[in-house]
Each structure stands twice: as structure tokens, then as C-alpha cells.
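**Student:** Input: one structure, supplied below.
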Amino acid sequence: MGMNLTRQTFSTAPDYFIAGTNIGVTTTVKEAGETLAAHTPVLLADGKAAAVKSSSALTGLYGITADCAESGTGAVIYLTGEFFAKGLVLPDGVTAADVEVALRSIGIFLK
């Protein structure tokens with residue numbers, strides 16, 4: 001049995017996503033219709049949270065996931081607040097600029 005003697009670095013520093021507190025952060029829980037990564041903009045499809053797939057399909061944008069969620073489990077979703085755009089998890093071909101206006105119209109502001 002060997003020991004791993006390589007130097008390892010651990011940190012308790014948070015990975016910041018919330019960008020401010022001037023606007024209250026409000027959350028809700030919705031069932032995940034698919035596996036969702038943390039900080040993913042989501043739509044509601046049949047009452048379940050689903051990730052945004054393209055910049056042309058933003059109608060019904062609901063919020064941003066606060067954490068990861070497996071399909072069929074409760075997903076915590078940010079409904080309002082200020083967040084760092086670089087922390088968003090977006091599909092290929094979709095940028096923060098593509099979702100910024102749609103998010104702003106539901107009370108989520110990107111910095």
C-alpha cells in the first residue's frame with residue numbers, strides 16, 4: 001500500500017457567483033426535468049426546469065439554478081438578484097449577452 005505524498009492544495013474560499021445585494025436574492029424550488037448544472041439559465045417546460053438550449057429559445061425564461069440537480073429532484077432556482085455573467089453555465093453558441101435582456105426582464109441582473 002502506497003501513500004500519496006504529493007503536495008495538495010485545498011481551499012475553503014467560495015467560488016463567487018452572487019455579484020451584489022442591492023437587489024434581493026429570491027429563490028424557489030422546481031422539479032428538474034433533466035440533470036442541471038449549477039448556474040444554468042432555465043425555462044419551465046410542463047412545470048419542470050429545463051436548461052436553455054439556444055439563444056433563439058428564451059421565451060419562458062424562468063431563472064438560474066443555484067446548484068446542481070438531478071432529473072426528478074428539486075432544483076433551487078434564483079428568481080431575482082445580481083450575478084457574475086462569467087459564472088453562468090451556457091450551452092455552446094450561447095453567450096451571456098444573448099440571455100442578459102431576457103434575464104433582466106425577470107429581475108436578474110448580470111455584471
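Lettering and numbering for the C-alpha cells are positional, with chains as A, B, ... in the shown order, residues counted from 1 in each chain, and ligands counted from 1 in the shown order.
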List as a PyMOL selection string the protein and nucleic acid residues near stretch 26-39 of chain A, meaning an atom at most 10 Å away when only C-alpha atoms are counted, but skip any in the same chain fewer than 6 places from it.

**Tutor:** chain A and resi 17+45-51+63-81+83-85+87-90+107-108

**Student:** When DSSP works through the backbone of this structure, what residues of stretch 28-63 of chain A end up as strand (DSSP E), shown as number ranges by chain?

**Tutor:** A: 28-31, 41-45, 48-51, 61-63

**Student:** Select from chain A everything DSSP, run on the backbone, classes as helix (DSSP H, G or I), then give the selection as a list in words.

**Tutor:**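 Filtering chain A down to helix (DSSP H, G or I) leaves Ala85, Lys86, Gly87, Ala96, Ala97, Asp98, Val99, Glu100, Val101, Ala102, Leu103 and Arg104 of chain A.
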
**Student:** Which of these residues is nearest to A:Leu61, using only C-alpha atoms: A:Tyr16, A:Ala96, A:Leu44, A:Ile23?

**Tutor:**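 Of the candidates, the smallest distance to A:Leu61 is held by A:Leu44.
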